[in-house]
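Everything below belongs to run-v3.txt, which stores compact mmCIF, C-alpha atoms and all ligand atoms.
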```
# COMPACT_ATOMS: atom_id res chain seq x y z
CA MET A 112 66.67 0.51 18.45
CA LYS A 113 63.43 2.27 19.31
CA LEU A 114 63.47 6.05 19.51
CA PRO A 115 63.68 7.21 23.16
CA ARG A 116 60.19 8.80 23.10
CA ARG A 117 58.63 5.50 21.97
CA PHE A 118 60.54 3.20 24.31
CA PHE A 119 57.87 3.25 27.04
CA GLN A 120 54.80 3.08 24.78
CA PRO A 121 52.69 -0.12 25.02
CA LEU A 122 53.33 -2.45 22.06
CA ALA A 123 49.63 -3.25 21.55
CA THR A 124 46.50 -1.15 21.80
CA GLY A 125 44.94 -1.83 25.18
CA ALA A 126 48.07 -3.34 26.76
CA PRO A 127 49.20 -1.77 30.04
CA ALA A 128 52.01 0.79 29.89
CA PRO A 129 55.40 -0.66 30.87
CA PHE A 130 56.78 0.23 34.31
CA ARG A 131 59.19 3.18 34.34
CA GLU A 132 60.96 1.70 37.37
CA LEU A 133 60.91 -1.91 38.57
CA PRO A 134 58.62 -2.54 41.55
CA VAL A 135 60.84 -2.77 44.67
CA LYS A 136 60.62 -6.37 45.89
CA LEU A 137 62.64 -8.72 48.04
CA GLU A 138 63.61 -11.63 45.79
CA ARG A 139 66.22 -13.62 47.72
CA MET A 140 65.22 -16.87 46.08
CA ILE A 141 63.29 -17.93 42.98
CA HIS A 142 61.92 -21.27 44.14
CA PHE A 143 61.45 -23.80 41.33
CA VAL A 144 58.37 -26.02 41.46
CA PRO A 145 57.76 -28.86 38.98
CA PRO A 146 54.04 -28.21 38.27
CA HIS A 147 53.43 -31.66 36.73
CA ASN A 148 54.32 -33.25 40.08
CA ASP A 149 51.02 -33.37 41.99
CA LYS A 150 52.70 -34.07 45.32
CA VAL A 151 54.99 -31.03 45.15
CA ARG A 152 52.21 -28.85 43.73
CA ALA A 153 50.01 -29.71 46.70
CA ARG A 154 52.65 -28.13 48.94
CA VAL A 155 52.65 -24.81 47.09
CA PRO A 156 50.09 -22.96 49.28
CA GLU A 157 52.22 -23.70 52.36
CA LEU A 158 55.48 -23.09 50.46
CA ALA A 159 54.29 -19.73 49.12
CA ALA A 160 54.44 -18.14 52.56
CA THR A 161 58.06 -19.21 53.07
CA VAL A 162 59.74 -18.06 49.85
CA ASP A 163 59.94 -14.74 48.01
CA VAL A 164 59.12 -16.11 44.54
CA VAL A 165 57.41 -19.32 43.41
CA LEU A 166 58.26 -20.30 39.84
CA GLY A 167 56.39 -22.98 37.94
CA ASN A 168 58.95 -24.56 35.62
CA LEU A 169 57.76 -25.69 32.19
CA GLU A 170 61.14 -26.07 30.45
CA ASP A 171 64.13 -28.34 31.11
CA ALA A 172 63.57 -30.94 33.87
CA VAL A 173 59.99 -31.48 32.61
CA PRO A 174 59.78 -34.66 30.46
CA VAL A 175 58.43 -34.12 26.93
CA ASP A 176 55.32 -36.20 27.64
CA GLN A 177 54.58 -34.04 30.71
CA LYS A 178 54.80 -30.62 29.04
CA GLU A 179 51.04 -30.15 28.87
CA ALA A 180 50.52 -31.49 32.37
CA ALA A 181 53.12 -29.01 33.66
CA ARG A 182 51.37 -26.08 31.94
CA LYS A 183 47.95 -27.15 33.28
CA GLY A 184 49.47 -27.74 36.71
CA PHE A 185 50.92 -24.24 36.70
CA VAL A 186 47.54 -22.70 35.82
CA ALA A 187 45.91 -24.75 38.60
CA MET A 188 48.46 -23.70 41.20
CA ALA A 189 48.21 -20.06 40.14
CA GLN A 190 44.43 -20.22 40.54
CA ALA A 191 44.52 -22.08 43.85
CA THR A 192 46.77 -19.74 45.82
CA ASP A 193 46.67 -16.02 46.59
CA PHE A 194 50.39 -15.33 46.17
CA ALA A 195 49.95 -11.56 46.43
CA ALA A 196 48.47 -11.97 49.95
CA SER A 197 51.87 -13.06 51.28
CA GLY A 198 53.79 -10.69 48.99
CA THR A 199 55.15 -13.70 47.10
CA GLY A 200 55.98 -13.34 43.42
CA LEU A 201 54.46 -15.75 40.89
CA TRP A 202 56.70 -16.56 37.94
CA THR A 203 56.82 -19.18 35.23
CA ARG A 204 59.73 -20.44 33.14
CA ILE A 205 58.33 -21.03 29.66
CA ASN A 206 59.82 -23.32 27.06
CA ALA A 207 62.51 -22.03 24.71
CA LEU A 208 61.72 -19.93 21.67
CA ASN A 209 62.73 -22.74 19.30
CA SER A 210 60.43 -25.29 20.96
CA PRO A 211 56.94 -26.35 19.85
CA TRP A 212 55.45 -25.50 23.28
CA ILE A 213 56.18 -21.83 23.78
CA LEU A 214 53.10 -20.43 22.03
CA ASP A 215 50.69 -22.61 24.02
CA ASP A 216 52.64 -21.80 27.20
CA LEU A 217 52.05 -18.08 26.74
CA PHE A 218 48.55 -18.30 25.22
CA GLU A 219 47.14 -20.56 27.92
CA ILE A 220 48.88 -18.96 30.88
CA VAL A 221 48.20 -15.30 30.00
CA SER A 222 44.59 -16.05 29.04
CA GLN A 223 43.87 -17.92 32.28
CA VAL A 224 46.08 -16.38 34.96
CA GLY A 225 47.69 -13.35 33.27
CA ASP A 226 46.60 -11.00 36.07
CA LYS A 227 48.30 -13.15 38.71
CA LEU A 228 51.58 -13.58 36.83
CA ASP A 229 54.46 -11.26 37.75
CA VAL A 230 57.33 -12.49 35.59
CA VAL A 231 57.95 -14.79 32.63
CA MET A 232 61.42 -16.33 32.68
CA VAL A 233 62.70 -16.93 29.15
CA PRO A 234 65.42 -19.57 28.72
CA LYS A 235 68.36 -19.55 26.30
CA VAL A 236 68.02 -15.88 25.30
CA GLU A 237 70.57 -15.24 22.55
CA GLY A 238 70.07 -11.57 21.78
CA PRO A 239 67.67 -8.61 21.93
CA TRP A 240 65.59 -10.07 19.09
CA ASP A 241 64.37 -12.82 21.43
CA ILE A 242 63.20 -10.21 23.96
CA HIS A 243 61.51 -8.13 21.22
CA TYR A 244 59.51 -11.18 20.11
CA ILE A 245 58.32 -12.03 23.64
CA ASP A 246 57.66 -8.35 24.38
CA GLN A 247 55.36 -7.94 21.38
CA LEU A 248 53.57 -11.23 21.99
CA LEU A 249 52.97 -10.46 25.67
CA ALA A 250 51.58 -7.02 24.79
CA GLN A 251 49.13 -8.59 22.30
CA LEU A 252 48.04 -11.18 24.86
CA GLU A 253 47.74 -8.63 27.68
CA ALA A 254 45.53 -6.49 25.43
CA LYS A 255 43.42 -9.44 24.28
CA HIS A 256 42.82 -10.75 27.81
CA GLY A 257 42.51 -7.42 29.62
CA VAL A 258 45.59 -7.90 31.78
CA SER A 259 46.05 -4.68 33.72
CA LYS A 260 49.59 -5.01 35.13
CA PRO A 261 52.52 -5.48 32.72
CA ILE A 262 54.05 -8.96 32.88
CA LEU A 263 57.82 -8.64 33.24
CA VAL A 264 60.47 -10.66 31.41
CA HIS A 265 63.49 -12.33 33.00
CA ALA A 266 66.19 -13.73 30.70
CA ILE A 267 68.40 -16.72 31.44
CA LEU A 268 71.99 -16.07 30.41
CA GLU A 269 73.01 -19.55 29.38
CA THR A 270 74.53 -19.54 25.90
CA ALA A 271 77.81 -18.16 24.62
CA GLU A 272 75.88 -15.96 22.18
CA GLY A 273 73.70 -14.63 24.99
CA VAL A 274 76.77 -13.68 27.03
CA ALA A 275 78.25 -11.94 23.97
CA ASN A 276 74.99 -9.93 23.65
CA VAL A 277 74.27 -9.40 27.34
CA ASP A 278 74.21 -5.57 27.23
CA ALA A 279 71.80 -5.49 24.28
CA ILE A 280 69.53 -8.05 26.01
CA ALA A 281 69.45 -5.95 29.18
CA SER A 282 68.43 -2.79 27.30
CA ALA A 283 66.04 -4.49 24.85
CA SER A 284 62.75 -3.57 26.55
CA PRO A 285 61.26 -1.74 29.54
CA ARG A 286 59.59 -5.07 30.28
CA MET A 287 62.95 -6.52 31.43
CA HIS A 288 63.06 -7.52 35.09
CA GLY A 289 66.53 -9.05 35.21
CA MET A 290 68.69 -12.01 34.35
CA SER A 291 69.87 -15.28 35.86
CA LEU A 292 73.12 -17.09 35.16
CA GLY A 293 72.39 -20.61 33.87
CA PRO A 294 75.67 -22.46 34.49
CA ALA A 295 74.68 -25.86 33.07
CA ASP A 296 73.50 -24.85 29.61
CA LEU A 297 76.21 -22.18 29.48
CA ALA A 298 78.93 -24.72 30.26
CA ALA A 299 77.67 -26.93 27.42
CA SER A 300 77.33 -24.03 25.00
CA ARG A 301 80.86 -22.84 25.72
CA GLY A 302 82.42 -26.29 25.59
CA MET A 303 83.47 -26.09 29.25
CA LYS A 304 84.60 -29.47 30.56
CA THR A 305 82.38 -29.93 33.61
CA THR A 306 79.33 -32.02 34.43
CA ARG A 307 78.48 -29.92 37.51
CA VAL A 308 75.56 -27.51 37.83
CA GLY A 309 77.30 -24.39 39.17
CA GLY A 310 80.00 -24.16 41.80
CA GLY A 311 83.72 -24.71 41.42
CA HIS A 312 85.72 -27.52 39.87
CA PRO A 313 88.65 -29.25 41.56
CA ASP A 314 90.81 -28.86 38.44
CA TYR A 315 90.21 -25.12 37.93
CA ARG A 316 92.83 -23.64 40.24
CA VAL A 317 95.92 -21.50 40.62
CA ILE A 318 99.18 -22.90 41.94
CA ALA A 319 102.03 -21.10 43.73
CA ASP A 320 105.53 -21.04 42.20
CA PRO A 321 107.91 -23.87 43.16
CA THR A 322 110.21 -23.08 46.10
CA SER A 323 113.92 -23.95 46.31
CA ASP A 324 113.30 -26.35 49.23
CA GLY A 325 110.83 -28.34 47.12
CA ALA A 326 107.99 -27.82 49.63
CA ALA A 327 104.48 -28.67 48.51
CA ARG A 328 103.10 -25.84 46.41
CA ALA A 329 100.01 -24.05 47.71
CA SER A 330 97.06 -24.31 45.36
CA ALA A 331 93.43 -23.25 45.51
CA GLN A 332 90.28 -23.70 43.45
CA GLN A 333 89.09 -20.62 41.58
CA ASP A 334 85.60 -19.44 40.72
CA LEU A 335 84.59 -20.61 37.23
CA TRP A 336 81.68 -18.15 37.15
CA HIS A 337 83.34 -14.94 38.27
CA TYR A 338 83.69 -13.40 34.81
CA THR A 339 80.14 -14.17 33.70
CA ILE A 340 78.50 -13.02 36.94
CA ALA A 341 80.46 -9.75 36.79
CA LYS A 342 79.45 -9.20 33.17
CA MET A 343 75.80 -9.97 33.92
CA VAL A 344 75.72 -7.72 37.01
CA ASP A 345 77.19 -4.79 35.06
CA ALA A 346 74.69 -5.22 32.20
CA CYS A 347 71.78 -5.48 34.64
CA MET A 348 72.68 -2.66 37.00
CA ALA A 349 73.53 -0.31 34.14
CA ASN A 350 69.94 -0.82 32.94
CA GLY A 351 68.17 -0.77 36.30
CA LEU A 352 67.59 -4.55 36.31
CA LYS A 353 68.31 -7.26 38.88
CA ALA A 354 70.92 -10.00 38.51
CA PHE A 355 70.56 -13.52 39.95
CA TYR A 356 72.72 -16.58 40.31
CA GLY A 357 70.80 -19.60 38.92
CA PRO A 358 70.83 -23.27 39.97
CA PHE A 359 73.22 -25.14 42.25
CA GLY A 360 72.80 -28.80 41.42
CA ASP A 361 74.48 -30.64 44.31
CA PHE A 362 71.70 -30.62 46.92
CA SER A 363 73.91 -32.68 49.25
CA ASP A 364 76.61 -29.98 49.48
CA GLY A 365 74.99 -27.08 51.33
CA GLU A 366 78.37 -25.56 52.13
CA ALA A 367 79.37 -25.26 48.47
CA CYS A 368 75.90 -23.97 47.57
CA GLU A 369 76.25 -21.30 50.24
CA ALA A 370 79.72 -20.29 48.98
CA GLN A 371 78.40 -19.97 45.41
CA PHE A 372 75.35 -17.96 46.52
CA ARG A 373 77.52 -15.72 48.73
CA ASN A 374 79.99 -14.93 45.93
CA ALA A 375 77.03 -13.91 43.77
CA PHE A 376 75.54 -11.80 46.60
CA LEU A 377 78.82 -9.98 47.24
CA MET A 378 79.22 -9.29 43.52
CA GLY A 379 75.80 -7.62 43.28
CA CYS A 380 73.22 -10.37 42.73
CA ALA A 381 69.83 -10.00 44.41
CA GLY A 382 69.10 -13.71 44.81
CA ALA A 383 69.48 -17.24 43.44
CA TRP A 384 67.32 -20.15 42.35
CA THR A 385 66.33 -22.76 44.90
CA LEU A 386 65.57 -26.17 43.39
CA HIS A 387 65.07 -28.12 46.61
CA PRO A 388 63.53 -27.13 49.95
CA ASN A 389 66.92 -27.46 51.68
CA GLN A 390 68.32 -24.57 49.60
CA VAL A 391 65.70 -22.07 50.81
CA ALA A 392 67.29 -21.50 54.23
CA ILE A 393 70.68 -21.07 52.55
CA ALA A 394 69.31 -18.34 50.27
CA LYS A 395 67.63 -16.60 53.21
CA ARG A 396 70.91 -16.62 55.12
CA VAL A 397 73.01 -15.40 52.22
CA PHE A 398 70.84 -12.79 50.49
CA ALA A 399 70.30 -10.68 53.60
CA PRO A 400 73.15 -8.46 54.75
CA ASP A 401 75.29 -9.43 57.71
CA PRO A 402 74.03 -7.69 60.92
CA ALA A 403 77.52 -6.33 61.75
CA GLU A 404 77.75 -4.82 58.23
CA VAL A 405 74.28 -3.31 58.65
CA ALA A 406 75.24 -1.76 62.01
CA PHE A 407 78.37 -0.22 60.49
CA ALA A 408 76.49 0.95 57.39
CA VAL A 409 73.88 2.66 59.60
CA ARG A 410 76.72 4.49 61.39
CA ILE A 411 78.13 5.68 58.05
CA VAL A 412 74.74 6.96 56.88
CA GLU A 413 74.16 8.74 60.21
CA ALA A 414 77.66 10.25 60.23
CA MET A 415 77.00 11.97 56.89
CA PRO A 416 73.29 12.89 56.89
CA ASP A 417 73.42 14.55 53.46
CA GLY A 418 75.78 11.94 52.00
CA THR A 419 78.71 14.32 51.44
CA GLY A 420 82.04 15.13 53.05
CA ALA A 421 84.68 12.94 54.69
CA VAL A 422 84.65 11.49 58.21
CA MET A 423 86.63 8.82 60.07
CA LEU A 424 84.86 5.83 61.67
CA ASP A 425 86.97 3.26 63.56
CA GLY A 426 90.06 4.43 61.67
CA LYS A 427 88.35 4.01 58.29
CA MET A 428 87.78 6.93 55.93
CA GLN A 429 84.17 7.49 54.84
CA ASP A 430 83.03 9.82 52.06
CA ASP A 431 80.30 10.23 49.44
CA ALA A 432 81.19 6.90 47.80
CA THR A 433 81.23 4.83 50.99
CA TRP A 434 77.93 6.53 51.94
CA LYS A 435 76.46 5.06 48.73
CA GLN A 436 77.91 1.62 49.56
CA ALA A 437 76.37 1.88 53.03
CA LYS A 438 73.03 2.93 51.50
CA VAL A 439 72.92 -0.26 49.37
CA ILE A 440 73.26 -2.33 52.55
CA VAL A 441 70.85 -0.29 54.67
CA ASP A 442 68.19 -0.24 51.92
CA LEU A 443 68.40 -4.02 51.54
CA ALA A 444 68.32 -4.52 55.32
CA ARG A 445 65.12 -2.42 55.51
CA LEU A 446 63.53 -4.48 52.72
CA VAL A 447 64.44 -7.73 54.51
CA ALA A 448 63.27 -6.34 57.86
CA GLU A 449 59.81 -5.56 56.42
CA LYS A 450 59.37 -9.26 55.70
CA ASP A 451 61.36 -10.86 58.51
CA PRO A 452 60.53 -9.68 62.06
CA GLU A 453 63.44 -11.68 63.55
CA LEU A 454 65.99 -9.98 61.32
CA ALA A 455 64.28 -6.62 61.87
CA LYS A 456 65.06 -7.04 65.59
CA THR A 457 68.62 -8.18 64.91
CA TYR A 458 69.20 -5.21 62.60
CA GLY A 459 67.55 -2.84 65.08
CA LEU A 460 65.53 -1.38 62.19
O1 LIG B 501 59.18 -35.23 52.07
P1 LIG B 501 58.25 -35.37 50.90
O2 LIG B 501 58.37 -36.70 50.21
O3 LIG B 501 56.83 -34.98 51.21
O4 LIG B 501 58.73 -34.26 49.82
C1 LIG B 501 59.97 -34.39 49.15
C2 LIG B 501 59.85 -33.70 47.80
O5 LIG B 501 58.60 -33.88 47.19
C3 LIG B 501 60.01 -32.25 48.21
N1 LIG B 501 60.59 -31.41 47.13
C4 LIG B 501 60.16 -30.17 46.84
N2 LIG B 501 59.19 -29.42 47.36
C5 LIG B 501 59.03 -28.17 46.84
N3 LIG B 501 59.80 -27.68 45.84
C6 LIG B 501 60.77 -28.43 45.28
N4 LIG B 501 61.50 -27.95 44.26
C7 LIG B 501 61.00 -29.73 45.79
N5 LIG B 501 61.90 -30.70 45.52
C8 LIG B 501 61.63 -31.71 46.34
O6 LIG B 501 60.95 -32.25 49.29
C9 LIG B 501 60.97 -33.55 49.92
C10 LIG B 501 62.40 -34.08 49.84
O7 LIG B 501 62.73 -34.26 48.49
P2 LIG B 501 63.85 -35.30 48.01
O8 LIG B 501 65.16 -34.92 48.61
O9 LIG B 501 63.38 -36.70 48.28
O10 LIG B 501 63.95 -35.02 46.47
P3 LIG B 501 63.06 -35.64 45.29
O11 LIG B 501 63.77 -36.81 44.76
O12 LIG B 501 61.65 -35.80 45.70
O13 LIG B 501 63.12 -34.43 44.22
C11 LIG B 501 64.32 -34.11 43.54
C12 LIG B 501 63.94 -33.28 42.31
C13 LIG B 501 65.22 -32.86 41.63
C14 LIG B 501 63.12 -34.15 41.35
C15 LIG B 501 63.12 -32.05 42.81
O14 LIG B 501 63.82 -31.41 43.83
C16 LIG B 501 62.82 -31.05 41.70
O15 LIG B 501 62.07 -31.34 40.79
N6 LIG B 501 63.44 -29.85 41.80
C17 LIG B 501 63.33 -28.84 40.80
C18 LIG B 501 64.21 -29.18 39.60
C19 LIG B 501 64.16 -28.12 38.53
O16 LIG B 501 63.26 -27.31 38.46
N7 LIG B 501 65.14 -28.13 37.63
C20 LIG B 501 65.22 -27.16 36.58
C21 LIG B 501 66.02 -25.95 36.95
S1 LIG B 501 67.75 -26.17 36.89
C22 LIG B 501 68.13 -26.12 35.27
O17 LIG B 501 67.32 -25.85 34.42
C23 LIG B 501 69.54 -26.38 34.83
C24 LIG B 501 70.30 -27.31 35.60
MG MG B 502 68.99 -24.10 31.09
```
Would you mind writing the structure in this file as structure tokens?
Ligand code: 1VU
Ligand code: MG
Amino acid sequence: MKLPRRFFQPLATGAPAPFRELPVKLERMIHFVPPHNDKVRARVPELAATVDVVLGNLEDAVPVDQKEAARKGFVAMAQATDFAASGTGLWTRINALNSPWILDDLFEIVSQVGDKLDVVMVPKVEGPWDIHYIDQLLAQLEAKHGVSKPILVHAILETAEGVANVDAIASASPRMHGMSLGPADLAASRGMKTTRVGGGHPDYRVIADPTSDGAARASAQQDLWHYTIAKMVDACMANGLKAFYGPFGDFSDGEACEAQFRNAFLMGCAGAWTLHPNQVAIAKRVFAPDPAEVAFAVRIVEAMPDGTGAVMLDGKMQDDATWKQAKVIVDLARLVAEKDPELAKTYGL
């Protein structure tokens, strides 16, 4: 562990100082674009204005013989569009640390579009050592190429070892932005018996006790991801980072996607990945607070202007703790309202 005084020092001479606090940004969805696909890439300028983050994916889902094309495509799309103009984040998911592509991914991208890049998503992070490696390398590249804003790092939590080390990963560097749950690789790494990408499983359920009349026993599916999301949210929030649900693979089941996203939202996640255009509206719906909740939260905040004491609202006790809960919702509603005039009206903010 670094000594506290040295934690925020740049890791290379000439690299920008790390942020003390994360920039406050609305990141309801991290929209995945396959940069080797010319047709999809051509839609990026139009897409950029409709999502909070555009991510050029270089890792899984890119065929081996397209790895270079994907990297070049990402550089081209970063150069072609002014993402900052619409307040849209520009991220890339680089290849894994044990792959032959990761060095060229970072060298080429930071040298050519380092000043436009907000976040590097790192897959299959196993422990803090992976973050330290990327942290040092990014600092050297930022210094070499005169990048003035620190590039943040986002870890995918998708191996059993990564989950075991999640707290150490979250506190590994001031460059950390947050984490995403990767349910497909994680399922494989853990030996879970599912071929689905996120969501529930019909066989993972609880069943009521038998009754004396032999009536059919009530039974319901349970959430396979509850434990991991909770663990990830705690590690992230304890370190001032943001937690995200990752991919939902069944594009044809919007209802299940929405349920998975909403569980993550309620548990503390800031957003989720969108892999297909039809998931963007779902993320927008889910990762903005419910207008009735916002209205009630505003009443709580107004009833206790300094955030202390105890008052009753509609028969419900409010105190310092519920004021903080209300503040989470009001702050998010304000952030959404800044970007979405329709919701601003609905929220009355
Ligand atoms: O209507 P058009 O033909 O003009 O456009 C198609 C398609 O090109 C477009 N589209 C997209 N546009 C922007 N961003 C996207 N991610 C995207 N995906 C598709 O939408 C129109 C309708 O598409 P479709 O329903 O016909 O679907 P396709 O067969 O064209 O595409 C499906 C795939 C899966 C290939 C595509 O959606 C994609 O590449 N998505 C991203 C996949 C990805 O990044 N996977 C890795 C992250 S998940 C992980 O690592 C663990 C599981
Ligand atoms: Mg993965």
Closest-contact table, chain A side, partner ligand MG 502 (chain B), 7 Å, counting only C-alpha atoms and all ligand atoms, as CSV:
```
residue,atom,partner,partner_atom,distance
A:Asp171,CA,B:MG502,MG,6.4
A:Pro234,CA,B:MG502,MG,6.2
A:Lys235,CA,B:MG502,MG,6.6
A:Glu269,CA,B:MG502,MG,6.3
A:Gly293,CA,B:MG502,MG,5.6
A:Ala295,CA,B:MG502,MG,6.3
A:Asp296,CA,B:MG502,MG,4.8
```
Exercise for the section: Pick out the closest residue to Pro127 of chain A from this set: A:Gly382, A:Gly257, A:Gly184, A:Gly325. Count all atoms listed in the file. Expected result: A:Gly257
Exercise for the section: Find the distance between atom CA of Val277 of chain A and atom CA of Ala298 of chain A and write it in Å to one decimal. Expected result: 16.3 Å
Exercise for the section: May I have the residues within 10 Å of ligand LIG 501 (chain B), computed using all atoms listed in the file, as a PyMOL selection string? Expected result: chain A and resi 142-155+157-159+165-173+204+234+267+269+292-297+307-309+357-363+384-391
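Here atom CA of Glu138 of chain A and atom CA of Ile205 of chain A stand 19.4 Å from one another.
Here the question is which of A:Val397, A:Ala437, A:Leu228, A:Leu335 gets nearest to Met415 of chain A using only C-alpha atoms, and that residue is A:Ala437.
Atom CA of Asp314 of chain A lies 17.0 Å from atom CA of Ala327 of chain A.
Residue nearest Gly310 of chain A within the list A:Asp278, A:Glu366, A:Asp345, A:Asp451: A:Glu366 [criterion: smallest interatomic distance, only C-alpha atoms].
The closest residue to Ser284 of chain A, picked from A:Pro174, A:Gly351, A:Gly365, A:Pro134 and counting only C-alpha atoms, is A:Gly351.
For the point (60.7, -9.3, 35.0) in file coordinates, the residues within 6 Å, using all atoms listed in the file, are Val230, Leu263, Val264, His265, Met287, His288 and Gly289 of chain A.
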Practice task
Using only C-alpha atoms, determine which residues lie at most 10 Å from Thr199 of chain A, disregarding the query and same-chain residues fewer than 3 positions distant; provide the list as a count of residues only.
Solution key: 17
